[in-house]
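The structure file run_7.cif is reproduced below (mmCIF, C-alpha atoms).
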data_coords
#
loop_
_atom_site.label_atom_id
_atom_site.label_comp_id
_atom_site.auth_asym_id
_atom_site.auth_seq_id
_atom_site.Cartn_x
_atom_site.Cartn_y
_atom_site.Cartn_z
CA MET A 226 -1.31 11.17 -17.94
CA THR A 227 -2.76 7.82 -19.06
CA LYS A 228 -6.54 7.82 -19.20
CA PRO A 229 -8.04 5.48 -16.57
CA THR A 230 -9.58 2.34 -18.04
CA ILE A 231 -12.50 2.79 -15.61
CA SER A 232 -13.78 6.34 -15.34
CA THR A 233 -16.17 6.18 -12.35
CA VAL A 234 -15.11 4.51 -9.12
CA ALA A 235 -16.10 4.34 -5.47
CA VAL A 236 -14.06 4.25 -2.27
CA VAL A 237 -15.86 2.64 0.66
CA GLY A 238 -14.24 3.37 3.99
CA THR A 239 -12.39 6.66 4.47
CA GLY A 240 -9.76 5.90 7.08
CA VAL A 241 -6.04 6.36 6.44
CA ILE A 242 -5.95 3.93 3.50
CA GLY A 243 -9.35 4.84 2.04
CA ARG A 244 -8.65 8.55 1.92
CA SER A 245 -5.29 7.87 0.25
CA TRP A 246 -7.05 5.79 -2.43
CA MET A 247 -9.51 8.68 -2.83
CA LEU A 248 -6.71 11.12 -3.63
CA LEU A 249 -4.91 8.65 -5.90
CA LEU A 250 -7.97 7.83 -8.00
CA ALA A 251 -9.22 11.40 -8.28
CA ARG A 252 -5.76 12.68 -9.17
CA ALA A 253 -5.54 10.04 -11.91
CA GLY A 254 -8.72 11.36 -13.51
CA CYS A 255 -11.43 9.10 -12.06
CA HIS A 256 -14.78 10.44 -10.91
CA THR A 257 -14.45 9.22 -7.34
CA ARG A 258 -17.42 8.61 -5.06
CA ILE A 259 -16.82 8.33 -1.34
CA TYR A 260 -18.85 6.55 1.32
CA ASP A 261 -18.32 5.69 4.97
CA CYS A 262 -20.91 4.49 7.47
CA ASP A 263 -19.43 7.03 9.93
CA PRO A 264 -20.18 10.59 8.71
CA ALA A 265 -17.41 11.94 10.94
CA LYS A 266 -14.87 9.89 8.97
CA VAL A 267 -16.15 11.44 5.74
CA GLU A 268 -15.70 14.93 7.17
CA GLU A 269 -12.16 14.05 8.25
CA ALA A 270 -11.42 12.71 4.77
CA VAL A 271 -12.70 15.91 3.14
CA GLN A 272 -10.51 18.04 5.40
CA TRP A 273 -7.48 15.80 4.82
CA LEU A 274 -7.98 15.88 1.03
CA GLU A 275 -8.16 19.66 0.88
CA GLU A 276 -5.18 20.10 3.19
CA ASP A 277 -3.08 17.55 1.30
CA LEU A 278 -3.87 19.11 -2.07
CA GLU A 279 -2.86 22.52 -0.73
CA LEU A 280 0.41 21.13 0.67
CA ASN A 281 1.11 19.45 -2.68
CA ARG A 282 0.50 22.79 -4.40
CA GLN A 283 2.88 24.52 -2.01
CA ASP A 284 5.51 21.83 -2.61
CA GLY A 285 5.20 22.30 -6.37
CA LEU A 286 3.80 18.80 -6.93
CA LEU A 287 0.46 20.07 -8.28
CA SER A 288 -0.62 23.29 -9.91
CA ALA A 289 -3.60 25.15 -8.48
CA GLU A 290 -5.62 24.03 -11.51
CA GLU A 291 -4.66 20.38 -11.02
CA ALA A 292 -5.50 20.55 -7.31
CA LYS A 293 -8.93 22.03 -8.07
CA ALA A 294 -9.62 19.45 -10.79
CA THR A 295 -8.72 16.63 -8.39
CA ARG A 296 -11.00 18.00 -5.67
CA ASP A 297 -13.84 18.49 -8.14
CA ARG A 298 -13.74 14.81 -9.15
CA VAL A 299 -14.54 13.71 -5.58
CA THR A 300 -18.14 13.47 -4.39
CA PHE A 301 -19.35 12.32 -0.99
CA HIS A 302 -22.48 10.21 -0.56
CA HIS A 303 -24.73 9.43 2.41
CA SER A 304 -25.86 5.99 1.23
CA LEU A 305 -23.93 3.03 -0.10
CA GLY A 306 -26.36 2.48 -2.95
CA GLU A 307 -26.01 6.06 -4.12
CA ALA A 308 -22.20 5.87 -3.98
CA LEU A 309 -22.06 2.61 -5.95
CA ASN A 310 -24.67 3.40 -8.59
CA GLY A 311 -23.01 3.12 -12.01
CA VAL A 312 -19.40 2.69 -10.83
CA GLY A 313 -17.06 0.26 -12.58
CA TYR A 314 -14.64 -0.29 -9.69
CA VAL A 315 -15.01 -0.27 -5.89
CA GLN A 316 -12.07 0.02 -3.50
CA GLU A 317 -13.14 -1.26 -0.08
CA SER A 318 -11.03 -0.09 2.87
CA GLY A 319 -13.07 -1.12 5.89
CA PRO A 320 -11.89 -2.56 9.23
CA GLU A 321 -9.54 -5.55 9.14
CA ARG A 322 -11.94 -8.07 10.70
CA MET A 323 -13.26 -11.06 8.78
CA GLU A 324 -16.87 -10.84 9.95
CA LEU A 325 -17.04 -7.13 9.11
CA LYS A 326 -15.45 -7.67 5.70
CA GLN A 327 -17.92 -10.45 4.93
CA ALA A 328 -20.91 -8.30 5.91
CA LEU A 329 -19.60 -5.33 3.95
CA TYR A 330 -18.91 -7.43 0.87
CA ALA A 331 -22.42 -8.82 1.00
CA ASP A 332 -23.68 -5.21 0.90
CA LEU A 333 -21.27 -4.30 -1.91
CA ASP A 334 -22.30 -7.32 -3.96
CA ARG A 335 -25.98 -6.38 -3.64
CA ALA A 336 -25.51 -2.66 -4.36
CA ALA A 337 -22.84 -2.53 -7.07
CA ASP A 338 -23.54 -3.06 -10.76
CA PRO A 339 -22.92 -6.73 -11.74
CA ALA A 340 -19.92 -5.81 -13.91
CA ALA A 341 -18.20 -3.71 -11.22
CA ILE A 342 -14.96 -5.04 -9.72
CA LEU A 343 -14.94 -5.22 -5.91
CA GLY A 344 -11.36 -4.70 -4.68
CA SER A 345 -10.32 -4.93 -1.03
CA SER A 346 -7.45 -3.15 0.71
CA THR A 347 -7.14 -5.99 3.22
CA SER A 348 -3.55 -6.55 4.33
CA GLY A 349 -3.95 -10.17 5.32
CA LEU A 350 -7.43 -11.65 4.92
CA GLU A 351 -8.26 -14.25 2.29
CA MET A 352 -10.71 -13.22 -0.45
CA THR A 353 -12.01 -16.77 -0.76
CA LYS A 354 -13.37 -16.46 2.78
CA ILE A 355 -14.47 -12.83 2.48
CA ALA A 356 -16.57 -13.58 -0.62
CA ALA A 357 -17.76 -17.05 0.41
CA GLY A 358 -21.34 -17.64 -0.74
CA LEU A 359 -21.70 -14.37 -2.64
CA THR A 360 -23.42 -14.37 -6.01
CA GLY A 361 -20.73 -12.05 -7.32
CA ALA A 362 -17.70 -13.83 -5.83
CA ARG A 363 -16.23 -13.97 -9.35
CA ARG A 364 -15.66 -10.16 -9.31
CA CYS A 365 -14.14 -9.96 -5.80
CA ILE A 366 -10.37 -9.52 -5.48
CA VAL A 367 -7.70 -8.39 -3.00
CA THR A 368 -6.01 -5.13 -4.01
CA HIS A 369 -3.69 -4.49 -1.08
CA PRO A 370 -1.74 -1.23 -1.34
CA VAL A 371 1.40 -0.01 0.37
CA ASN A 372 0.62 2.79 2.81
CA PRO A 373 0.10 5.46 1.51
CA PRO A 374 -1.02 4.32 -1.97
CA HIS A 375 -1.21 7.86 -3.37
CA VAL A 376 2.58 8.03 -2.87
CA ILE A 377 3.81 4.42 -3.19
CA PRO A 378 2.66 2.53 -6.29
CA VAL A 379 2.82 -1.20 -5.49
CA VAL A 380 -0.54 -2.96 -5.06
CA GLU A 381 -0.67 -6.68 -4.24
CA ILE A 382 -3.29 -8.53 -6.28
CA LEU A 383 -4.73 -11.79 -4.99
CA ALA A 384 -7.71 -13.61 -6.46
CA GLY A 385 -10.08 -15.77 -4.46
CA LYS A 386 -10.86 -19.29 -5.60
CA GLU A 387 -14.01 -18.02 -7.35
CA THR A 388 -12.45 -14.89 -8.87
CA ASP A 389 -12.68 -14.75 -12.67
CA ARG A 390 -9.28 -14.54 -14.42
CA GLN A 391 -10.60 -11.66 -16.51
CA VAL A 392 -11.22 -9.73 -13.29
CA VAL A 393 -7.54 -10.16 -12.38
CA ASP A 394 -6.50 -8.87 -15.80
CA ARG A 395 -8.96 -5.94 -15.75
CA THR A 396 -7.90 -4.99 -12.23
CA CYS A 397 -4.21 -4.98 -13.17
CA ALA A 398 -4.90 -2.93 -16.30
CA PHE A 399 -6.95 -0.42 -14.32
CA LEU A 400 -4.29 0.00 -11.64
CA VAL A 401 -1.58 0.53 -14.26
CA SER A 402 -3.79 3.17 -15.91
CA VAL A 403 -3.99 5.15 -12.63
CA GLY A 404 -0.23 4.99 -12.06
CA GLN A 405 0.09 1.99 -9.75
CA THR A 406 2.25 -1.13 -9.99
CA PRO A 407 0.13 -4.28 -9.57
CA VAL A 408 1.95 -7.38 -8.30
CA VAL A 409 0.08 -10.68 -8.61
CA VAL A 410 0.33 -13.10 -5.66
CA ASN A 411 -0.25 -16.64 -6.96
CA PHE A 412 -1.87 -18.08 -3.83
CA TYR A 413 -2.88 -16.97 -0.35
CA LEU A 414 -0.33 -16.85 2.44
CA PRO A 415 -0.50 -14.76 5.62
CA GLY A 416 0.86 -11.26 5.05
CA PHE A 417 1.01 -11.72 1.27
CA LEU A 418 4.45 -10.67 -0.07
CA LEU A 419 5.27 -7.22 1.26
CA ASN A 420 4.33 -7.69 4.90
CA ARG A 421 6.13 -11.03 5.09
CA MET A 422 9.38 -9.47 3.88
CA GLN A 423 8.83 -6.42 6.08
CA ALA A 424 8.18 -8.60 9.14
CA ALA A 425 11.38 -10.56 8.53
CA LEU A 426 13.44 -7.37 8.47
CA VAL A 427 11.66 -5.76 11.43
CA ARG A 428 12.14 -8.93 13.51
CA GLU A 429 15.90 -8.82 13.05
CA ALA A 430 16.02 -5.02 13.53
CA ILE A 431 14.35 -5.39 16.94
CA ASN A 432 16.61 -8.28 17.91
CA LEU A 433 19.70 -6.24 17.10
CA VAL A 434 18.50 -3.43 19.38
CA GLU A 435 17.20 -5.70 22.14
CA SER A 436 20.45 -7.69 22.23
CA GLY A 437 22.53 -4.52 22.50
CA ALA A 438 24.35 -5.15 19.21
CA ALA A 439 23.35 -1.68 17.97
CA ASP A 440 21.05 1.20 18.79
CA VAL A 441 17.96 2.39 16.90
CA ASN A 442 19.96 5.04 15.03
CA ALA A 443 22.48 2.52 13.73
CA VAL A 444 19.83 0.03 12.58
CA ASP A 445 17.85 2.71 10.75
CA ALA A 446 21.02 4.16 9.17
CA VAL A 447 21.98 0.74 7.78
CA ILE A 448 18.67 0.74 5.90
CA CYS A 449 18.09 4.38 4.86
CA ASP A 450 21.76 5.14 4.05
CA GLY A 451 22.72 1.61 3.04
CA LEU A 452 20.48 -1.21 1.87
CA GLY A 453 17.50 1.05 1.20
CA LEU A 454 19.38 3.08 -1.42
CA ARG A 455 19.91 -0.05 -3.51
CA TRP A 456 16.45 -1.41 -2.74
CA ALA A 457 14.85 1.77 -4.09
CA LEU A 458 16.20 0.69 -7.49
CA MET A 459 16.32 -3.12 -7.36
CA GLY A 460 14.95 -5.89 -5.17
CA PRO A 461 17.02 -8.64 -3.51
CA PHE A 462 17.42 -10.68 -6.69
CA GLY A 463 18.27 -7.66 -8.82
CA VAL A 464 20.85 -6.55 -6.24
CA ALA A 465 22.38 -10.04 -6.12
CA ASN A 466 22.59 -10.03 -9.91
CA THR A 467 24.72 -6.86 -9.85
CA ASN A 468 26.91 -7.86 -6.87
CA ALA A 469 28.93 -10.44 -8.80
CA ASP A 470 30.42 -10.29 -12.29
CA GLY A 471 28.73 -13.61 -13.09
CA GLY A 472 25.33 -12.41 -11.90
CA VAL A 473 22.84 -13.93 -9.48
CA ARG A 474 24.04 -17.54 -10.03
CA GLU A 475 27.62 -16.70 -9.13
CA TYR A 476 26.54 -14.54 -6.19
CA PHE A 477 24.35 -17.15 -4.51
CA SER A 478 26.84 -19.93 -5.27
CA ARG A 479 29.77 -17.95 -3.87
CA TYR A 480 27.97 -16.76 -0.73
CA LYS A 481 25.76 -19.79 -0.16
CA GLN A 482 27.46 -20.92 3.05
CA ALA A 483 27.73 -17.38 4.40
CA TYR A 484 24.01 -16.82 3.86
CA LEU A 485 23.06 -20.18 5.37
CA GLY A 486 25.17 -19.40 8.43
CA LEU A 487 23.58 -15.98 8.87
CA MET A 488 20.05 -17.24 8.25
CA ASN A 489 20.50 -19.96 10.87
CA ASN A 490 21.88 -17.38 13.30
CA LEU A 491 19.07 -14.82 12.99
CA GLY A 492 17.29 -13.87 16.20
CA SER A 493 14.02 -15.34 17.41
CA THR A 494 10.67 -13.57 17.27
CA PRO A 495 10.63 -10.62 19.73
CA SER A 496 8.22 -10.68 22.66
CA PHE A 497 6.78 -7.20 21.95
CA ASP A 498 6.12 -6.87 25.68
CA PRO A 499 5.36 -3.35 27.01
CA ALA A 500 8.91 -2.84 28.29
CA LEU A 501 10.44 -3.62 24.89
CA ILE A 502 7.96 -1.39 23.05
CA GLU A 503 8.70 1.45 25.48
CA GLN A 504 12.46 0.94 24.99
CA LEU A 505 12.03 1.19 21.23
CA GLY A 506 9.68 4.16 21.63
CA LYS A 507 12.11 6.18 23.76
CA ALA A 508 14.98 5.44 21.41
CA THR A 509 12.91 6.42 18.36
CA ASP A 510 11.74 9.63 20.07
CA ALA A 511 15.35 10.58 20.69
CA MET A 512 16.29 9.76 17.10
CA VAL A 513 13.58 11.84 15.41
CA GLY A 514 13.67 14.75 17.87
CA ASN A 515 10.79 17.20 18.19
CA ALA A 516 9.63 17.20 14.57
CA PRO A 517 5.87 16.57 14.33
CA ARG A 518 5.00 13.27 12.68
CA ALA A 519 2.83 15.11 10.15
CA GLU A 520 5.87 17.07 9.00
CA ILE A 521 7.98 13.89 8.83
CA ARG A 522 5.32 12.21 6.71
CA ARG A 523 5.13 15.25 4.43
CA TRP A 524 8.92 15.16 3.97
CA ARG A 525 8.82 11.39 3.38
CA ASP A 526 6.07 11.65 0.78
CA ARG A 527 7.80 14.54 -1.00
CA LEU A 528 11.09 12.66 -1.21
CA VAL A 529 9.45 9.42 -2.34
CA ARG A 530 7.80 11.32 -5.19
CA LYS A 531 11.14 12.82 -6.17
CA ILE A 532 12.75 9.37 -6.13
CA ARG A 533 9.94 8.04 -8.31
CA ALA A 534 10.38 10.95 -10.72
CA VAL A 535 14.12 10.26 -10.98
CA LYS A 536 13.47 6.56 -11.62
CA GLU A 537 10.87 7.34 -14.29
CA GLY A 538 13.29 9.76 -15.97
CA ASP A 539 16.11 7.19 -15.95
CA PRO A 540 14.49 3.72 -16.12
CA GLY A 541 17.82 1.97 -16.69
CA PRO A 542 18.90 -0.57 -19.30
#

Can you dump the structure from the file as structure tokens?
Amino acid sequence: MTKPTISTVAVVGTGVIGRSWMLLLARAGCHTRIYDCDPAKVEEAVQWLEEDLELNRQDGLLSAEEAKATRDRVTFHHSLGEALNGVGYVQESGPERMELKQALYADLDRAADPAAILGSSTSGLEMTKIAAGLTGARRCIVTHPVNPPHVIPVVEILAGKETDRQVVDRTCAFLVSVGQTPVVVNFYLPGFLLNRMQAALVREAINLVESGAADVNAVDAVICDGLGLRWALMGPFGVANTNADGGVREYFSRYKQAYLGLMNNLGSTPSFDPALIEQLGKATDAMVGNAPRAEIRRWRDRLVRKIRAVKEGDPGP
């Protein structure tokens, strides 16, 4: 395991994303301090951490010694100042509301050491606005993970207008050192990269079901047993490059008109009214059966780790 470039970190906010960051950072070897303004959330995070480590041990993903070492690196703190004292990196995972982010970042900027990086898990807010007027705006940066980050490595990196370029570089280096894949977004746009592409696909998936062209099972099968198998190895440009003997230039030249026709024919934005959501809910319930969601997530996470291990063992040409 690569040694983390920052040894002591803090996670502020212990909801679904925060607790996943907690496990990721502690597992990577960081002394990880945890704080949440709601003590009940901290207790839930502790329970989740211990249960997840035990499940990982049972699944053969961690030894008992590794699970204990990970748990021992995590400490829980009752005050923000205590949690942030001496840390080199802070991962904020608070509520996704601008006024709350701004207030929290003001507290982080006051409490954290001046050299500490202040990263935010926000999935759509602009760091320029979050850090507006802060003395330490230069060290504030978006570090948006894919849920759950302790399983999926991509983290979107987006600087604010005041963010120091060295902070971008240090953040990327740190994330690589804890096993993540930082992806730099050059300027702010709603949804960043991942959620924009996800929204485009989900929009058409819903339209196909709503129009009656296919059912939920068929749409999901096209992804998990079709496109998703290629996408686990290469993105849209990499796939296009392998789908024609002359590479991406030949592919997009040959299929230009076909793509333009399809793109112009894609469905409109769904209404997401209650009736449509219930239709999708019933169809999804029938597709997944009686399996508890916790068990489905455990299976998903286990398989994603196996896919990652296969990719790491055979990185390709």

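Across the chains present, the PyMOL selection byres ((chain A and resi 319) around 9) applied to this file returns Val237, Gly238, Thr239, Gly240, Gly243, Asp261, Glu317, Ser318, Pro320, Glu321, Arg322, Leu325, Lys326, Leu329, Ser345, Ser346 and Thr347 of chain A.
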
Would you output that residue set with C-alpha atoms, as a PDB file, keeping the file's coordinate frame?
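Wrote it out as out-v4.pdb, contents follow:
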ATOM      1  CA  VAL A 237     -15.860   2.640   0.660  1.00  0.00           C
ATOM      2  CA  GLY A 238     -14.240   3.370   3.990  1.00  0.00           C
ATOM      3  CA  THR A 239     -12.390   6.660   4.470  1.00  0.00           C
ATOM      4  CA  GLY A 240      -9.760   5.900   7.080  1.00  0.00           C
ATOM      5  CA  GLY A 243      -9.350   4.840   2.040  1.00  0.00           C
ATOM      6  CA  ASP A 261     -18.320   5.690   4.970  1.00  0.00           C
ATOM      7  CA  GLU A 317     -13.140  -1.260  -0.080  1.00  0.00           C
ATOM      8  CA  SER A 318     -11.030  -0.090   2.870  1.00  0.00           C
ATOM      9  CA  PRO A 320     -11.890  -2.560   9.230  1.00  0.00           C
ATOM     10  CA  GLU A 321      -9.540  -5.550   9.140  1.00  0.00           C
ATOM     11  CA  ARG A 322     -11.940  -8.070  10.700  1.00  0.00           C
ATOM     12  CA  LEU A 325     -17.040  -7.130   9.110  1.00  0.00           C
ATOM     13  CA  LYS A 326     -15.450  -7.670   5.700  1.00  0.00           C
ATOM     14  CA  LEU A 329     -19.600  -5.330   3.950  1.00  0.00           C
ATOM     15  CA  SER A 345     -10.320  -4.930  -1.030  1.00  0.00           C
ATOM     16  CA  SER A 346      -7.450  -3.150   0.710  1.00  0.00           C
ATOM     17  CA  THR A 347      -7.140  -5.990   3.220  1.00  0.00           C
TER      18      THR A 347
END

Neighbouring residues of Ala336 of chain A were defined as those with any atom within 7 Å, considering all atoms listed in the file; residues of the same chain fewer than 3 positions away were excluded. Please report them as a PyMOL selection string.
chain A and resi 306+309+332-333

Specify as number ranges by chain each residue included when the PyMOL selection byres ((chain A and resi 492-506) around 12) is applied to this file.
A: 424-438, 440-442, 444, 487-491, 507-514

Give me the residues within 12 Å of Asp277 of chain A as a list of chain:residue names, counting only C-alpha atoms and dropping any in the same chain fewer than 6 places off.
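Surrounding residues, per the criterion: A:Arg244, A:Ser245, A:Met247, A:Leu248, A:Leu249, A:Arg252, A:Glu269, A:Ala270, A:Val271, A:Gln283, A:Asp284, A:Leu286, A:Leu287, A:Ala292, A:Lys293, A:Thr295, A:Arg296, A:His375, A:Val376, A:Ala519, A:Glu520, A:Arg522, A:Arg523, A:Asp526, A:Arg527.
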
Test item: residues at most 10 Å from Gly358 of chain A, all atoms listed in the file, excluding those fewer than 3 positions along its chain, as an MDAnalysis selection string
chainID A and resid 327 331 353:355 361:362 387

Tell me, counting all atoms listed in the file, for each residue of segment 228-287 of chain A within 8 Å of segment 299-304 of chain A, which pair of atoms is nearest and how far apart they are in Å to one decimal, in rows ordered by chain and increasing number, as a tab-separated table.
residue	atom	partner	partner_atom	distance
A:Met247	CA	A:Val299	CA	7.6
A:Ala251	CA	A:Val299	CA	6.4
A:His256	CA	A:Val299	CA	6.3
A:Thr257	CA	A:Val299	CA	4.8
A:Arg258	CA	A:Thr300	CA	5.0
A:Ile259	CA	A:Phe301	CA	4.7
A:Tyr260	CA	A:His302	CA	5.5
A:Asp261	CA	A:His303	CA	7.9
A:Pro264	CA	A:His303	CA	7.9
A:Val267	CA	A:Phe301	CA	7.5

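The two atoms in question, atom CA of Val236 of chain A and atom CA of Gly344 of chain A, are spaced 9.7 Å apart.
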
Tell me, as a list in words, which residues lie within 7 Å of Asp338 of chain A, counting all atoms listed in the file; anything in the same chain fewer than 2 positions away does not count.
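Returned residues: Asn310, Gly311, Ala336, Ala340 and Ala341 of chain A.
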
d(atom CA of Gly541 of chain A, atom CA of Pro378 of chain A) in Å
18.4 Å

Rounded to one decimal in Å, what is the spacing between atom CA of Ala357 of chain A and atom CA of Thr388 of chain A?
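Between atom CA of Ala357 of chain A and atom CA of Thr388 of chain A the gap is 10.9 Å.
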
Calculated over all atoms listed in the file, which of the candidates A:Leu400, A:Leu278, A:Ser288, A:Tyr330 has the smallest distance to Cys255 of chain A?
A:Leu400
